[in-house]
Each structure stands twice: as structure tokens, then as C-alpha cells.
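This report concerns only the one structure given below.
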Amino acid sequence: MPPVPMHNDEVQYYASPILVKNQQYFATLTNERLIIEGPTSREFKTSAILAAHPTILDDHDPAVKLIIATPSGQKEMLWTFPVNPSFKEGERDAWVSAVQKVLGENPLAVPAEGTSDETRPEITKNIIIETEPEAEKPSEIITIIEHPAEPEKPQTAEPDLIPGETILISTAGVRIKHTFFTTYLTNLRLILQNNAGKIGREFGIADIMDAAEMESDSGEPEIAISVGTQSGLRQMILSFPTKPARDAWMRELQAKLPAHRPEPKQEEPVSAERIGTFVPATNEKTHITTPNVRIKHRPAVIHLTNTRLVVDSTAGIVGEFALNTLNRAVRMASEIGEPGISLKIGSPRGEKEMHIIFSSVNDREAWMDAFAEVIPERAITMPETRDYAVTTVHPPKAEHTQQRACPSCSAMNHASDEFCSFCGAELYPKPAEPEHQRRAKPQKQRRERPPKAYKPKAPYNGGLMGFITRPSDAFSYYCRDGIKESLPYFLISGVIWSVITVLFLAFVIPLILRLDKSTFPIITSLSGNPLLLVILMLMLFVLWAVCVLLHGVISGGLAALMDPGASFAESMGVVLRSSMTYAVCGWIPILGMFAASIWAAVCAWKGIAASQDVGQGAGAAASFIGMAVVYAVLICIGVI
């Protein structure tokens, strides 16, 4: 895996492959961040790493347990290592050592297991003093606690300051946990510089919530500082070498921190003065101006006029943007909950984002109202997430009209027209005279009758009988009807067929054939037993429905298999509508069932070919193969 690109002054501590929940990643630890690359990559600041503890899993596999601060609270992450078992323990110790090296410069880190924040390096000397022999007293042990001599520190340069930043107070030899720092308090931030002359940690003044002076058990002067983090407030204790240094720091902190800053007195409004170095142009009107905002951790003054947005500072104007480049303004909050605005600005290189952090919610809302006047309303609202769905486009349903193609130019015309509206040719030409009649000599001059006027076929108007008399026209008319629309006609046809069949069997056939009760006791007894009639009707209806449904499933599946554009539901609906032939002739004794089934198969063939735009051969194959399978099943089970 290629090395992770480093920032300026960023140092890599350790990197190796790891396993998280049986998925392999590659982890890299630097002095600024922890990068985890793999199926889903993550990145954490080193300030978010609270602790790293060596542990052993249930399967005796060495692992590292990391405690990381997130906006939703502290989270635990277990790492194992995809290496040879003999190297896993060494890999675990190497990661724990590297993380603890980073946490040594993190004053907010959680102490490792088995240690305490109260543990301090102390030296104890036992001195035994014996009294005179005449005074019989036991020897006394006097315990003297001495602090180790402060290590000599190399002379380090002051940290790099940003424009407009000044150092208010600095003190060397300040101890935080077990590490000594040189601390600087500026008008913008609190800086902790380690012995190597590098900034180990820094906090913005806005991140420091409160400060209180205190003393340790051994009498060291200390200051407890509350710092806002993603997971909430955490406390950092600074131990100073002398009490005057501690008192001087408390005075400066009380003057800078919001919790100790005296509230400004309510004074009468005075005339507005110019803020910053910005000077409006001629005929330029300033809508709103707000100082004490932060952009990229730098203090600034922002102005909104009727033509531009201006970002001002003590060094001069650092940026200005035309109003037509402001695309969207969205409310946001900083990592510690400060009110802000995420401003999207368009440029030739693409859209860029500017985060503006305000000192109060009222300032933020005033700017949102100002942006609402110069940016379209749709750009002020919060962006919404929408689920994308795939839309299936169906062809439009065929119109309920009959058309005929012109035999000359193939233009489509209404079926009731006699001539083509495009080329004028006859839509229904007269049949050509046979050749032998043209060559035959006229024998007699006969008076010929005028030919009958050709009467075109009436267009289909949606009648019910069209499904069995004109299936091509009917199914073209109802080309998008599926199972749901065809089911009522299917059920009615089955009821009619079963009722008429049983009535014929019970009352008509015994009279016509003069059946004897002793020879045909069951058939002759049907007329006198209504319950037996109803049971027989239900049995015939269920058997008929199963056969027709089986025919429809097979025909619909074959039609969809032969042509991917054919719909299974619509093809099965064609078969269900074609079953109305059983109500017309299926009740005729002996031959009625076979005639109705063949008639229904022909109607289904024409209907599938007309409604699904498949070939006549494919429609016939789908229909007749389905009927053949049904007859084969009936023969196998002994019904036929």
C-alpha cells in the first residue's frame, strides 16, 4: 500500500496492517492523526485518542483496545494483527508504545489501566534520629518529601504567531501529568510547547470554558482548565513551578475567558463607526457588518453590501466575492457547538466552501436573514437527501380504435375509411380476376349485375363476445389488461360451465338416453339430491380452474421466454379471458369439452400474438404447448 501523504511538520510514528471485525485495514499513526485505510477509510485526530490498552481476546489472541472520542461519545475499537502468531504480541506492544508516545503530549488523554492521574514522581528519604540513651524512646522515622530537580531545558524559540497574534504570558517548566511544557497564552490561543521546541498541543481561546486555581496534595500550585471537545468538557490540570507564576496566569485567564469576563454595561447607542479597513465604494450600500468572527481559526470582520461580500482583517481586506457567486448558505456548528454558517461560493475551478464562526447565535441569524435577501430562497434551506429509485417506463396503452395499413404506402388509416388519407389508394381493393377467366372467350353477351359494394368490416367496439369471436381485435383493444382485469370473466365462465354441465348430467341426459336406475344409480340419483348436485358443481369448478390456470402459467411463461418484451401477467390474462369458450359450448356432452379447449387455445394464440407483439408462430406455440401439457396431466392422473 502506498505511504500516506504527510503534512508539513508531520512525523510518522508507526504503520502496519490490522484486523477490525475480521476485515483487514492498514493503520498509520503520526503526531497529528490516526489514518485507517481499507474497505472504508477513517481518520482521527490524535487529540481524539483517549487511551490504548493491551488486551487478550477469548481465543488468546493479542489485541489492542483503543478508546476514541467521537461527537456521539466515547467509542472502543479492538485491533488484532494479521501476522504470524509468534509476532502478534510484539506487534501489539509496538502499537501500544507508539500510541502512548503520542498520548504523552496529549494533556487530555485517559490514563492507561493500572495508573492514576494523581501519580506523581516523588522521592522519599528515610532519616533515623536516635535520642540520648537515658531517654528510653523508640527511634522516630521522619519522612521528607522532596521534588526532583527540574530538568534543564534547552533554550527554545517562541512559536510561530499568526498575523495579529501577541503573547500575553509564557512560563517554562509547567507540568501536565508526567510531561513538562513551556506554555504560552496569546490573545487567540493557549500553546503547549514540548522540550523539542515543537507545539505538542494548542487550544483556541473559544475552546477554553473555565479556569480555577487549586493546590495538589503535596502543595504544588495548579490551575484546572475546562476544555470543550467533541465528546464534551474535559479537564486539564497545569502544575506551575511557583505560586506567583500560577497567580499571573489566573489573572490573564480571568481577563480572557468568557466565564470570568465582566458583562459590558448597557450604554446608549452611539453613532456607528467604521469597523476594520473596509471602505464602501461610491453608491455602495452596506447591509450588515459583524466583527469578531473566525474564518479558518483567524479573526476577521465581514461586510455584506449590495454588490459583494468582503472579508476584512487588521492587515487589510483578505477576500471579496460578488453576490452572484454566492450559491448557498447553510447553518452549521463548530466542533464544540459554536454557531456558524457554511457558505458555498462558486468559482471557475468549481464550488468552494467557507465556514464562518460567530460569537453568538443572534449574529448568525442576522446574517442568515441578510443572505436570504441576496441569495435565492432555495439556496438558504438545508439540503435534503432523497432516495433515488429506478422508474420503469411502460409503452402507452393502445387506443381503442381499429386501424388498417394502406396496401400502397403503408400509412395507417381508420378501419371504416375506404381510401387512404395519405395517397388516396383503395384500402380494400377488389380481388383480382383469375387468369383463366381473363383468357376465356366471351360466349354470350349477358347482362351483368352491378357488383355489390364492398362493405368494410365494422370496427370492434369493446364487446364481450369479441374475446371468442374476434380475439385479435379484442385483445388489441384491451392490450394492457392483466390477471386482475381478467379474473372476474374467468370465474363467471367457470361457474356457468360447471352449473350447466351438472344440470345436463342430472336432468337432460337421463331423459334423452333413458338411463336405468339400476344400471346408472349415481347419475339417476343426482336429480333428487340437491347437496350432491352442489358438491359435484364445486368439484368440477375446482378441476376446471386448476386446468385453465395451469394452461395460463405455461403459456405466459413460454411467451415471456420466447420474447423478452412479452409480459407474463398480460399473457396469462389472455388465457383467462379465452376460457369463456367453456361457457359457450363446453357443457355440450362428450364433444363440448374438447371443442371448447381447442377454441380457447386458438383464441389465446390470437390474443397473445396481438397484445404482446410476438410472432404468430410464437403465440401458437405458447398456447398449444400449454394445452397439450394440461391434457397430458389429466391423462396421467386418470381423469381422461
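In the C-alpha cells, each chain is lettered A, B, ... as it comes, each chain's residues begin at 1, and ligands are numbered from 1 in order of appearance.
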Would you give me, as an MDAnalysis selection string, the residues in stretch 145-341 of chain A that DSSP reads as strand (DSSP E or B)?
-> chainID A and resid 145:146 167:176 179:186 189:193 199:204 208:215 221:229 232:239 286:295 298:305 308:313 316:322 326:333 339:341
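Neighbouring residues of A:Cys585 at 12 Å or closer, counting only C-alpha atoms and skipping chain neighbours under 3 positions away, are Ile468, Ser493, Ile496, Trp497, Ser498, Ile500, Thr501, Ser579, Met580, Thr581, Tyr582, Ile588, Pro589, Ile590, Leu591, Gly592, Met593, Phe594, Ala595, Ala596, Ser597, Ile598, Trp599 and Ala600 of chain A.
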Pick out the residues sitting within 10 Å of A:Ala566, and hand them over as a ChimeraX atom specification; count only C-alpha atoms, and ignore anything fewer than 2 positions along from it in its own chain.
-> /A:556-564,568-571,608-609,611-614
Would you save the residues from that selection as a compact mmCIF listing (two decimals), in the first residue's frame, using C-alpha atoms?
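What ended up in part_39.txt:
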```
# COMPACT_ATOMS: atom_id res chain seq x y z
CA GLY A 556 -47.44 -16.92 -20.18
CA GLY A 557 -44.03 -18.32 -19.24
CA LEU A 558 -43.36 -19.56 -22.79
CA ALA A 559 -44.40 -16.22 -24.30
CA ALA A 560 -42.05 -14.32 -21.97
CA LEU A 561 -39.28 -16.83 -22.72
CA MET A 562 -39.64 -16.52 -26.49
CA ASP A 563 -39.86 -12.72 -26.48
CA PRO A 564 -38.32 -10.73 -23.56
CA PHE A 568 -46.24 -12.82 -18.23
CA ALA A 569 -49.25 -11.28 -16.45
CA GLU A 570 -50.81 -9.98 -19.68
CA SER A 571 -50.27 -13.32 -21.48
CA ILE A 608 -51.01 -13.35 -27.30
CA ALA A 609 -49.83 -12.53 -30.83
CA SER A 611 -51.40 -7.95 -27.47
CA GLN A 612 -47.73 -8.88 -26.87
CA ASP A 613 -46.40 -8.03 -30.37
CA VAL A 614 -44.94 -11.52 -30.77
```
Determine, counting only C-alpha atoms, which protein, DNA and RNA residues have an atom within 10 Å of an atom of A:Ile199; residues of the same chain fewer than 4 positions away are not included. Present the result as a PyMOL selection string.
-> chain A and resi 105+158-160+181-183+191-195
Selection file, C-alpha atoms, as a short mmCIF file (atom, residue, chain, number, x, y, z; two decimals), in the first residue's frame:
```
data_model
loop_
_atom_site.label_atom_id
_atom_site.label_comp_id
_atom_site.auth_asym_id
_atom_site.auth_seq_id
_atom_site.Cartn_x
_atom_site.Cartn_y
_atom_site.Cartn_z
CA GLU A 105 1.91 15.01 24.59
CA GLU A 158 8.88 31.20 20.60
CA PRO A 159 6.18 29.51 18.48
CA ASP A 160 5.22 30.98 15.15
CA PHE A 181 5.86 22.04 28.68
CA THR A 182 6.59 25.68 28.02
CA THR A 183 3.14 27.29 27.96
CA ILE A 191 0.02 26.83 23.27
CA LEU A 192 1.85 23.90 24.89
CA GLN A 193 5.41 23.60 23.52
CA ASN A 194 7.41 20.47 24.34
CA ASN A 195 11.11 20.19 25.11
#
```
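Going from atom CA of A:Leu538 over to atom CA of A:Asp481, you cover 27.8 Å.
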A:Ile225 surroundings by only C-alpha atoms, 6 Å radius, close-in-sequence under 4 positions cut, as a VMD selection string | chain A and resid 210 to 211 235 to 236
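Residue nearest A:Gln74, chosen from A:Ala51, A:Val584, A:Ile237, A:Leu343 and counting only C-alpha atoms: A:Ala51.
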Which of these, A:Arg33, A:Lys75, A:His287, A:Lys21, has the shortest distance to A:Thr307 once you count only C-alpha atoms?
-> A:His287
Nearest to A:Val553, restricted to only C-alpha atoms and choosing among A:Ser170, A:Ser623, A:Thr277, A:Gln12, comes out as A:Ser623
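Minimum atom-to-atom distances from A:Phe504, A:Tyr428, A:Trp605, A:Phe203 to A:Phe475 were compared using only C-alpha atoms, and the lowest value belongs to A:Trp605.
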